[in-house]
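J.: Just run-v8.cif, nothing more (mmCIF, N, CA and C atoms):
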```cif
data_input
loop_
_atom_site.group_PDB
_atom_site.id
_atom_site.type_symbol
_atom_site.label_atom_id
_atom_site.label_comp_id
_atom_site.auth_asym_id
_atom_site.auth_seq_id
_atom_site.Cartn_x
_atom_site.Cartn_y
_atom_site.Cartn_z
ATOM 1 N N MET A 1 20.622 -46.170 -22.630
ATOM 2 C CA MET A 1 19.781 -45.866 -21.475
ATOM 3 C C MET A 1 19.992 -44.399 -21.107
ATOM 4 N N ASP A 2 18.911 -43.690 -20.849
ATOM 5 C CA ASP A 2 19.045 -42.296 -20.469
ATOM 6 C C ASP A 2 19.177 -42.177 -18.948
ATOM 7 N N ILE A 3 19.508 -40.966 -18.498
ATOM 8 C CA ILE A 3 19.750 -40.719 -17.072
ATOM 9 C C ILE A 3 18.514 -41.031 -16.232
ATOM 10 N N ARG A 4 17.341 -40.584 -16.674
ATOM 11 C CA ARG A 4 16.109 -40.791 -15.905
ATOM 12 C C ARG A 4 15.837 -42.278 -15.706
ATOM 13 N N THR A 5 16.046 -43.104 -16.755
ATOM 14 C CA THR A 5 15.824 -44.550 -16.649
ATOM 15 C C THR A 5 16.817 -45.164 -15.669
ATOM 16 N N ALA A 6 18.073 -44.739 -15.740
ATOM 17 C CA ALA A 6 19.090 -45.255 -14.821
ATOM 18 C C ALA A 6 18.739 -44.915 -13.377
ATOM 19 N N ILE A 7 18.277 -43.691 -13.141
ATOM 20 C CA ILE A 7 17.885 -43.285 -11.783
ATOM 21 C C ILE A 7 16.746 -44.160 -11.281
ATOM 22 N N GLU A 8 15.729 -44.345 -12.103
ATOM 23 C CA GLU A 8 14.587 -45.165 -11.697
ATOM 24 C C GLU A 8 15.006 -46.610 -11.436
ATOM 25 N N ASN A 9 15.887 -47.166 -12.271
ATOM 26 C CA ASN A 9 16.375 -48.531 -12.057
ATOM 27 C C ASN A 9 17.123 -48.646 -10.735
ATOM 28 N N LEU A 10 17.992 -47.679 -10.437
ATOM 29 C CA LEU A 10 18.748 -47.718 -9.182
ATOM 30 C C LEU A 10 17.820 -47.576 -7.973
ATOM 31 N N LYS A 11 16.819 -46.715 -8.073
ATOM 32 C CA LYS A 11 15.864 -46.567 -6.968
ATOM 33 C C LYS A 11 15.100 -47.868 -6.748
ATOM 34 N N HIS A 12 14.747 -48.539 -7.833
ATOM 35 C CA HIS A 12 14.044 -49.817 -7.729
ATOM 36 C C HIS A 12 14.930 -50.862 -7.054
ATOM 37 N N ILE A 13 16.186 -50.928 -7.472
ATOM 38 C CA ILE A 13 17.133 -51.886 -6.874
ATOM 39 C C ILE A 13 17.290 -51.597 -5.386
ATOM 40 N N ALA A 14 17.452 -50.322 -5.033
ATOM 41 C CA ALA A 14 17.624 -49.950 -3.630
ATOM 42 C C ALA A 14 16.400 -50.334 -2.805
ATOM 43 N N SER A 15 15.206 -50.128 -3.351
ATOM 44 C CA SER A 15 13.995 -50.476 -2.587
ATOM 45 C C SER A 15 13.870 -51.988 -2.440
ATOM 46 N N GLU A 16 14.281 -52.737 -3.454
ATOM 47 C CA GLU A 16 14.257 -54.202 -3.333
ATOM 48 C C GLU A 16 15.205 -54.669 -2.244
ATOM 49 N N ILE A 17 16.376 -54.066 -2.189
ATOM 50 C CA ILE A 17 17.349 -54.446 -1.159
ATOM 51 C C ILE A 17 16.790 -54.161 0.223
ATOM 52 N N ARG A 18 16.130 -53.008 0.377
ATOM 53 C CA ARG A 18 15.632 -52.607 1.688
ATOM 54 C C ARG A 18 14.373 -53.352 2.112
ATOM 55 N N PHE A 19 13.451 -53.598 1.184
ATOM 56 C CA PHE A 19 12.134 -54.066 1.582
ATOM 57 C C PHE A 19 11.811 -55.513 1.193
ATOM 58 N N ASP A 20 12.442 -56.039 0.178
ATOM 59 C CA ASP A 20 12.111 -57.382 -0.268
ATOM 60 C C ASP A 20 13.152 -58.418 0.149
ATOM 61 N N THR A 21 13.940 -58.086 1.106
ATOM 62 C CA THR A 21 15.007 -58.967 1.542
ATOM 63 C C THR A 21 14.778 -59.316 3.007
ATOM 64 N N SER A 22 15.052 -60.554 3.351
ATOM 65 C CA SER A 22 14.868 -60.974 4.741
ATOM 66 C C SER A 22 15.878 -60.263 5.634
ATOM 67 N N VAL A 23 15.566 -60.224 6.930
ATOM 68 C CA VAL A 23 16.443 -59.563 7.891
ATOM 69 C C VAL A 23 17.833 -60.177 7.850
ATOM 70 N N ARG A 24 17.898 -61.489 7.735
ATOM 71 C CA ARG A 24 19.197 -62.159 7.699
ATOM 72 C C ARG A 24 19.993 -61.746 6.458
ATOM 73 N N GLU A 25 19.298 -61.659 5.322
ATOM 74 C CA GLU A 25 19.978 -61.270 4.093
ATOM 75 C C GLU A 25 20.422 -59.809 4.140
ATOM 76 N N ILE A 26 19.604 -58.943 4.744
ATOM 77 C CA ILE A 26 19.968 -57.530 4.851
ATOM 78 C C ILE A 26 21.254 -57.377 5.636
ATOM 79 N N LYS A 27 21.408 -58.173 6.694
ATOM 80 C CA LYS A 27 22.619 -58.095 7.505
ATOM 81 C C LYS A 27 23.845 -58.478 6.697
ATOM 82 N N GLN A 28 23.649 -59.326 5.682
ATOM 83 C CA GLN A 28 24.771 -59.752 4.853
ATOM 84 C C GLN A 28 25.146 -58.697 3.811
ATOM 85 N N ILE A 29 24.226 -57.840 3.481
ATOM 86 C CA ILE A 29 24.512 -56.788 2.499
ATOM 87 C C ILE A 29 25.236 -55.656 3.215
ATOM 88 N N LYS A 30 26.349 -55.299 2.711
ATOM 89 C CA LYS A 30 27.126 -54.237 3.357
ATOM 90 C C LYS A 30 26.402 -52.901 3.234
ATOM 91 N N ARG A 31 26.384 -52.162 4.320
ATOM 92 C CA ARG A 31 25.733 -50.852 4.316
ATOM 93 C C ARG A 31 26.344 -49.929 3.276
ATOM 94 N N ASP A 32 27.631 -50.081 3.040
ATOM 95 C CA ASP A 32 28.266 -49.193 2.069
ATOM 96 C C ASP A 32 27.772 -49.447 0.648
ATOM 97 N N LYS A 33 27.259 -50.651 0.358
ATOM 98 C CA LYS A 33 26.699 -50.914 -0.966
ATOM 99 C C LYS A 33 25.408 -50.132 -1.157
ATOM 100 N N ILE A 34 24.568 -50.102 -0.119
ATOM 101 C CA ILE A 34 23.328 -49.343 -0.198
ATOM 102 C C ILE A 34 23.659 -47.853 -0.302
ATOM 103 N N LYS A 35 24.664 -47.396 0.456
ATOM 104 C CA LYS A 35 25.078 -46.000 0.367
ATOM 105 C C LYS A 35 25.613 -45.682 -1.026
ATOM 106 N N SER A 36 26.327 -46.628 -1.625
ATOM 107 C CA SER A 36 26.863 -46.419 -2.975
ATOM 108 C C SER A 36 25.746 -46.228 -3.990
ATOM 109 N N ILE A 37 24.687 -47.009 -3.854
ATOM 110 C CA ILE A 37 23.538 -46.847 -4.754
ATOM 111 C C ILE A 37 22.936 -45.464 -4.557
ATOM 112 N N GLY A 38 22.790 -45.025 -3.319
ATOM 113 C CA GLY A 38 22.258 -43.690 -3.045
ATOM 114 C C GLY A 38 23.133 -42.598 -3.638
ATOM 115 N N MET A 39 24.437 -42.761 -3.530
ATOM 116 C CA MET A 39 25.358 -41.784 -4.108
ATOM 117 C C MET A 39 25.248 -41.765 -5.629
ATOM 118 N N ALA A 40 25.095 -42.940 -6.232
ATOM 119 C CA ALA A 40 24.954 -43.016 -7.690
ATOM 120 C C ALA A 40 23.673 -42.321 -8.141
ATOM 121 N N ILE A 41 22.592 -42.515 -7.405
ATOM 122 C CA ILE A 41 21.325 -41.853 -7.728
ATOM 123 C C ILE A 41 21.507 -40.336 -7.646
ATOM 124 N N MET A 42 22.123 -39.853 -6.572
ATOM 125 C CA MET A 42 22.331 -38.417 -6.410
ATOM 126 C C MET A 42 23.200 -37.855 -7.537
ATOM 127 N N ALA A 43 24.253 -38.570 -7.908
ATOM 128 C CA ALA A 43 25.135 -38.099 -8.978
ATOM 129 C C ALA A 43 24.407 -38.045 -10.315
ATOM 130 N N LEU A 44 23.596 -39.056 -10.591
ATOM 131 C CA LEU A 44 22.836 -39.056 -11.845
ATOM 132 C C LEU A 44 21.783 -37.953 -11.853
ATOM 133 N N GLU A 45 21.100 -37.752 -10.725
ATOM 134 C CA GLU A 45 20.092 -36.697 -10.656
ATOM 135 C C GLU A 45 20.731 -35.329 -10.878
ATOM 136 N N GLU A 46 21.960 -35.152 -10.392
ATOM 137 C CA GLU A 46 22.674 -33.890 -10.566
ATOM 138 C C GLU A 46 23.000 -33.630 -12.035
ATOM 139 N N GLN A 47 23.166 -34.696 -12.819
ATOM 140 C CA GLN A 47 23.494 -34.557 -14.233
ATOM 141 C C GLN A 47 22.267 -34.260 -15.089
ATOM 142 N N GLU A 48 21.087 -34.536 -14.564
ATOM 143 C CA GLU A 48 19.860 -34.270 -15.312
ATOM 144 C C GLU A 48 19.546 -32.772 -15.203
ATOM 145 N N PRO A 49 19.582 -32.036 -16.327
ATOM 146 C CA PRO A 49 19.397 -30.581 -16.262
ATOM 147 C C PRO A 49 18.041 -30.181 -15.684
ATOM 148 N N LYS A 50 18.080 -29.190 -14.809
ATOM 149 C CA LYS A 50 16.863 -28.616 -14.230
ATOM 150 C C LYS A 50 16.862 -27.126 -14.533
ATOM 151 N N LYS A 51 15.675 -26.581 -14.676
ATOM 152 C CA LYS A 51 15.549 -25.161 -14.996
ATOM 153 C C LYS A 51 15.790 -24.308 -13.747
ATOM 154 N N PRO A 52 16.572 -23.225 -13.907
ATOM 155 C CA PRO A 52 16.710 -22.280 -12.801
ATOM 156 C C PRO A 52 15.353 -21.624 -12.524
ATOM 157 N N LEU A 53 15.178 -21.118 -11.335
ATOM 158 C CA LEU A 53 13.941 -20.443 -10.949
ATOM 159 C C LEU A 53 14.151 -18.940 -11.120
ATOM 160 N N TYR A 54 13.538 -18.388 -12.141
ATOM 161 C CA TYR A 54 13.716 -16.978 -12.491
ATOM 162 C C TYR A 54 12.843 -16.074 -11.630
ATOM 163 N N TYR A 55 13.352 -14.870 -11.377
ATOM 164 C CA TYR A 55 12.552 -13.854 -10.697
ATOM 165 C C TYR A 55 13.112 -12.472 -11.031
ATOM 166 N N GLY A 56 12.307 -11.476 -10.790
ATOM 167 C CA GLY A 56 12.726 -10.106 -11.054
ATOM 168 C C GLY A 56 13.007 -9.367 -9.769
ATOM 169 N N ASP A 57 13.959 -8.441 -9.843
ATOM 170 C CA ASP A 57 14.272 -7.643 -8.657
ATOM 171 C C ASP A 57 14.221 -6.150 -8.957
ATOM 172 N N GLY A 58 13.608 -5.805 -10.102
ATOM 173 C CA GLY A 58 13.505 -4.389 -10.439
ATOM 174 C C GLY A 58 12.688 -4.177 -11.702
ATOM 175 N N TYR A 59 12.432 -2.930 -11.989
ATOM 176 C CA TYR A 59 11.602 -2.568 -13.139
ATOM 177 C C TYR A 59 12.405 -1.741 -14.134
ATOM 178 N N ALA A 60 12.028 -1.859 -15.401
ATOM 179 C CA ALA A 60 12.553 -1.008 -16.466
ATOM 180 C C ALA A 60 11.359 -0.571 -17.300
ATOM 181 N N ASP A 61 11.174 0.717 -17.401
ATOM 182 C CA ASP A 61 10.036 1.264 -18.133
ATOM 183 C C ASP A 61 8.708 0.716 -17.617
ATOM 184 N N GLY A 62 8.605 0.544 -16.313
ATOM 185 C CA GLY A 62 7.368 0.081 -15.704
ATOM 186 C C GLY A 62 7.101 -1.411 -15.815
ATOM 187 N N VAL A 63 8.066 -2.172 -16.346
ATOM 188 C CA VAL A 63 7.892 -3.619 -16.534
ATOM 189 C C VAL A 63 8.937 -4.358 -15.697
ATOM 190 N N MET A 64 8.482 -5.390 -14.967
ATOM 191 C CA MET A 64 9.403 -6.194 -14.167
ATOM 192 C C MET A 64 10.451 -6.843 -15.068
ATOM 193 N N VAL A 65 11.709 -6.743 -14.670
ATOM 194 C CA VAL A 65 12.810 -7.346 -15.423
ATOM 195 C C VAL A 65 13.239 -8.613 -14.691
ATOM 196 N N TYR A 66 13.080 -9.749 -15.371
ATOM 197 C CA TYR A 66 13.433 -11.043 -14.783
ATOM 198 C C TYR A 66 14.895 -11.347 -15.110
ATOM 199 N N ASP A 67 15.783 -10.772 -14.315
ATOM 200 C CA ASP A 67 17.211 -10.922 -14.567
ATOM 201 C C ASP A 67 17.927 -11.607 -13.406
ATOM 202 N N MET A 68 17.161 -12.303 -12.583
ATOM 203 C CA MET A 68 17.716 -13.055 -11.452
ATOM 204 C C MET A 68 17.196 -14.486 -11.543
ATOM 205 N N ALA A 69 17.984 -15.425 -11.031
ATOM 206 C CA ALA A 69 17.558 -16.826 -11.015
ATOM 207 C C ALA A 69 18.252 -17.533 -9.861
ATOM 208 N N ASN A 70 17.623 -18.598 -9.401
ATOM 209 C CA ASN A 70 18.203 -19.434 -8.348
ATOM 210 C C ASN A 70 18.354 -20.862 -8.846
ATOM 211 N N CYS A 71 19.391 -21.525 -8.379
ATOM 212 C CA CYS A 71 19.558 -22.947 -8.658
ATOM 213 C C CYS A 71 18.399 -23.693 -7.987
ATOM 214 N N PRO A 72 17.766 -24.633 -8.694
ATOM 215 C CA PRO A 72 16.636 -25.353 -8.105
ATOM 216 C C PRO A 72 17.035 -26.317 -6.988
ATOM 217 N N GLU A 73 18.319 -26.603 -6.853
ATOM 218 C CA GLU A 73 18.766 -27.536 -5.813
ATOM 219 C C GLU A 73 19.311 -26.833 -4.574
ATOM 220 N N CYS A 74 20.196 -25.859 -4.768
ATOM 221 C CA CYS A 74 20.865 -25.258 -3.606
ATOM 222 C C CYS A 74 20.494 -23.797 -3.392
ATOM 223 N N ASP A 75 19.678 -23.230 -4.281
ATOM 224 C CA ASP A 75 19.212 -21.853 -4.176
ATOM 225 C C ASP A 75 20.312 -20.818 -4.428
ATOM 226 N N HIS A 76 21.424 -21.240 -5.050
ATOM 227 C CA HIS A 76 22.480 -20.292 -5.418
ATOM 228 C C HIS A 76 21.876 -19.224 -6.313
ATOM 229 N N THR A 77 22.227 -17.958 -6.094
ATOM 230 C CA THR A 77 21.661 -16.848 -6.842
ATOM 231 C C THR A 77 22.534 -16.492 -8.036
ATOM 232 N N PHE A 78 21.887 -16.316 -9.194
ATOM 233 C CA PHE A 78 22.539 -15.868 -10.413
ATOM 234 C C PHE A 78 21.933 -14.531 -10.810
ATOM 235 N N GLU A 79 22.766 -13.623 -11.311
ATOM 236 C CA GLU A 79 22.269 -12.377 -11.874
ATOM 237 C C GLU A 79 22.729 -12.316 -13.322
ATOM 238 N N GLU A 80 21.813 -11.945 -14.215
ATOM 239 C CA GLU A 80 22.131 -11.922 -15.640
ATOM 240 C C GLU A 80 23.385 -11.079 -15.879
ATOM 241 N N GLY A 81 24.317 -11.672 -16.606
ATOM 242 C CA GLY A 81 25.580 -10.999 -16.888
ATOM 243 C C GLY A 81 26.653 -11.247 -15.842
ATOM 244 N N TYR A 82 26.303 -11.886 -14.732
ATOM 245 C CA TYR A 82 27.246 -12.154 -13.640
ATOM 246 C C TYR A 82 27.038 -13.568 -13.100
ATOM 247 N N ASP A 83 27.908 -13.961 -12.190
ATOM 248 C CA ASP A 83 27.720 -15.159 -11.351
ATOM 249 C C ASP A 83 27.399 -16.437 -12.109
ATOM 250 N N GLY A 84 27.953 -16.630 -13.293
ATOM 251 C CA GLY A 84 27.744 -17.882 -14.004
ATOM 252 C C GLY A 84 26.422 -17.999 -14.732
ATOM 253 N N TRP A 85 25.742 -16.878 -14.970
ATOM 254 C CA TRP A 85 24.470 -16.899 -15.702
ATOM 255 C C TRP A 85 24.670 -17.625 -17.024
ATOM 256 N N GLY A 86 23.843 -18.616 -17.314
ATOM 257 C CA GLY A 86 23.905 -19.347 -18.572
ATOM 258 C C GLY A 86 24.892 -20.501 -18.588
ATOM 259 N N GLU A 87 25.640 -20.698 -17.517
ATOM 260 C CA GLU A 87 26.582 -21.825 -17.460
ATOM 261 C C GLU A 87 25.817 -23.143 -17.414
ATOM 262 N N ASN A 88 26.474 -24.218 -17.805
ATOM 263 C CA ASN A 88 25.824 -25.531 -17.867
ATOM 264 C C ASN A 88 25.542 -26.141 -16.502
ATOM 265 N N CYS A 89 26.246 -25.674 -15.467
ATOM 266 C CA CYS A 89 25.991 -26.228 -14.137
ATOM 267 C C CYS A 89 26.199 -25.163 -13.067
ATOM 268 N N CYS A 90 25.596 -25.402 -11.919
ATOM 269 C CA CYS A 90 25.699 -24.490 -10.785
ATOM 270 C C CYS A 90 27.111 -24.556 -10.211
ATOM 271 N N PRO A 91 27.764 -23.406 -9.997
ATOM 272 C CA PRO A 91 29.110 -23.423 -9.423
ATOM 273 C C PRO A 91 29.122 -23.815 -7.944
ATOM 274 N N ASN A 92 27.971 -23.778 -7.307
ATOM 275 C CA ASN A 92 27.898 -24.091 -5.888
ATOM 276 C C ASN A 92 27.702 -25.590 -5.625
ATOM 277 N N CYS A 93 26.744 -26.217 -6.334
ATOM 278 C CA CYS A 93 26.420 -27.623 -6.036
ATOM 279 C C CYS A 93 26.680 -28.570 -7.207
ATOM 280 N N GLY A 94 26.917 -28.033 -8.409
ATOM 281 C CA GLY A 94 27.186 -28.885 -9.565
ATOM 282 C C GLY A 94 25.958 -29.338 -10.327
ATOM 283 N N GLN A 95 24.767 -28.914 -9.907
ATOM 284 C CA GLN A 95 23.534 -29.306 -10.597
ATOM 285 C C GLN A 95 23.569 -28.822 -12.038
ATOM 286 N N ALA A 96 23.286 -29.728 -12.988
ATOM 287 C CA ALA A 96 23.175 -29.334 -14.392
ATOM 288 C C ALA A 96 21.970 -28.423 -14.547
ATOM 289 N N LEU A 97 22.140 -27.356 -15.349
ATOM 290 C CA LEU A 97 21.078 -26.364 -15.506
ATOM 291 C C LEU A 97 20.638 -26.262 -16.959
ATOM 292 N N ASP A 98 19.347 -26.051 -17.138
ATOM 293 C CA ASP A 98 18.741 -25.873 -18.453
ATOM 294 C C ASP A 98 18.252 -24.429 -18.525
ATOM 295 N N TRP A 99 18.983 -23.576 -19.244
ATOM 296 C CA TRP A 99 18.676 -22.157 -19.323
ATOM 297 C C TRP A 99 17.738 -21.825 -20.479
ATOM 298 N N SER A 100 17.207 -22.830 -21.166
ATOM 299 C CA SER A 100 16.305 -22.520 -22.268
ATOM 300 C C SER A 100 15.110 -21.740 -21.718
ATOM 301 N N GLU A 101 14.658 -20.780 -22.494
ATOM 302 C CA GLU A 101 13.599 -19.886 -22.014
ATOM 303 C C GLU A 101 12.249 -20.571 -21.984
ATOM 304 N N ASP A 102 11.566 -20.402 -20.872
ATOM 305 C CA ASP A 102 10.217 -20.928 -20.680
ATOM 306 C C ASP A 102 9.565 -20.031 -19.638
ATOM 307 N N GLU A 103 8.665 -19.195 -20.068
ATOM 308 C CA GLU A 103 8.069 -18.217 -19.165
ATOM 309 C C GLU A 103 7.301 -18.833 -18.012
ATOM 310 N N SER A 104 6.938 -20.112 -18.107
ATOM 311 C CA SER A 104 6.215 -20.758 -17.013
ATOM 312 C C SER A 104 7.118 -20.952 -15.794
ATOM 313 N N GLU A 105 8.434 -20.818 -15.977
ATOM 314 C CA GLU A 105 9.361 -20.996 -14.863
ATOM 315 C C GLU A 105 9.572 -19.724 -14.061
ATOM 316 N N VAL A 106 9.046 -18.593 -14.531
ATOM 317 C CA VAL A 106 9.246 -17.323 -13.854
ATOM 318 C C VAL A 106 8.380 -17.258 -12.612
ATOM 319 N N LYS A 107 8.997 -16.929 -11.462
ATOM 320 C CA LYS A 107 8.215 -16.744 -10.235
ATOM 321 C C LYS A 107 8.186 -15.256 -9.916
ATOM 322 N N GLU A 108 7.033 -14.794 -9.509
ATOM 323 C CA GLU A 108 6.884 -13.355 -9.266
ATOM 324 C C GLU A 108 6.890 -13.053 -7.799
#
```
Let me see the structure of the file written as structure tokens.
T.:
Amino acid sequence: MDIRTAIENLKHIASEIRFDTSVREIKQIKRDKIKSIGMAIMALEEQEPKKPLYYGDGYADGVMVYDMANCPECDHTFEEGYDGWGENCCPNCGQALDWSEDESEVKE
């Protein structure tokens, strides 16, 4: 099972607990169990790599240089050659990052 499938399964289970259960049954389910499912979803989502949001902060030879990026979750700033550029995860929030190049991710 991949991470995305596990996340979707946990979200489905959580919604069933919240919406398809009688009031009496909900009272029997410990709140910490529902919180645990939410924590598991957040942890799995953090492991699924997301692309940093690239942007440029200067020009070289008249062309914008895209040497800055932000974490898509916490907005932590990376500068090429510094601050963990290219690392597998954000040092601030732990979000897995996908640094593979894709020009569609560049914001101007």
J.: Please indicate the distance in Å from CA of Met1 in chain A to CA of Pro49 in chain A, rounded to one decimal place.
T.: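 It comes out at 16.2 Å.
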J.: With distances taken over all atoms listed in the file, which residue among A:Ala60, A:Met39, A:His76, A:Glu8 lies nearest Asn92 in chain A?
T.: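 Between A:Ala60, A:Met39, A:His76, A:Glu8, the residue approaching Asn92 in chain A most closely is A:His76.
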J.: Quick one: pull the distance between CA of Cys90 in chain A and atom C of Leu10 in chain A, Å, one decimal.
T.: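 Pair CA of Cys90 in chain A / atom C of Leu10 in chain A returns 24.6 Å.
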J.: Using the chain letters and numbering of this document, enumerate as a list in words the residues selected by the PyMOL selection byres ((chain A and resi 98) around 6.5).
T.: Pro49, Lys50, Lys51, Pro52, Asn88, Ala96, Leu97, Trp99, Ser100 and Glu101 of chain A
J.: With 6 Å added on each side, what axis-aligned box encloses every listed atom of range 82-91 of chain A? Give the centre and edge lengths in Å to one decimal, as JSON.
T.:
```
{"center_x": 26.5, "center_y": -19.1, "center_z": -13.3, "size_x": 17.3, "size_y": 26.3, "size_z": 22.6}
```
J.: Can you measure CA of Lys11 in chain A to CA of Glu87 in chain A for me? One decimal in Å is fine.
T.: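 So the two atoms, CA of Lys11 in chain A and CA of Glu87 in chain A, lie 28.9 Å apart.
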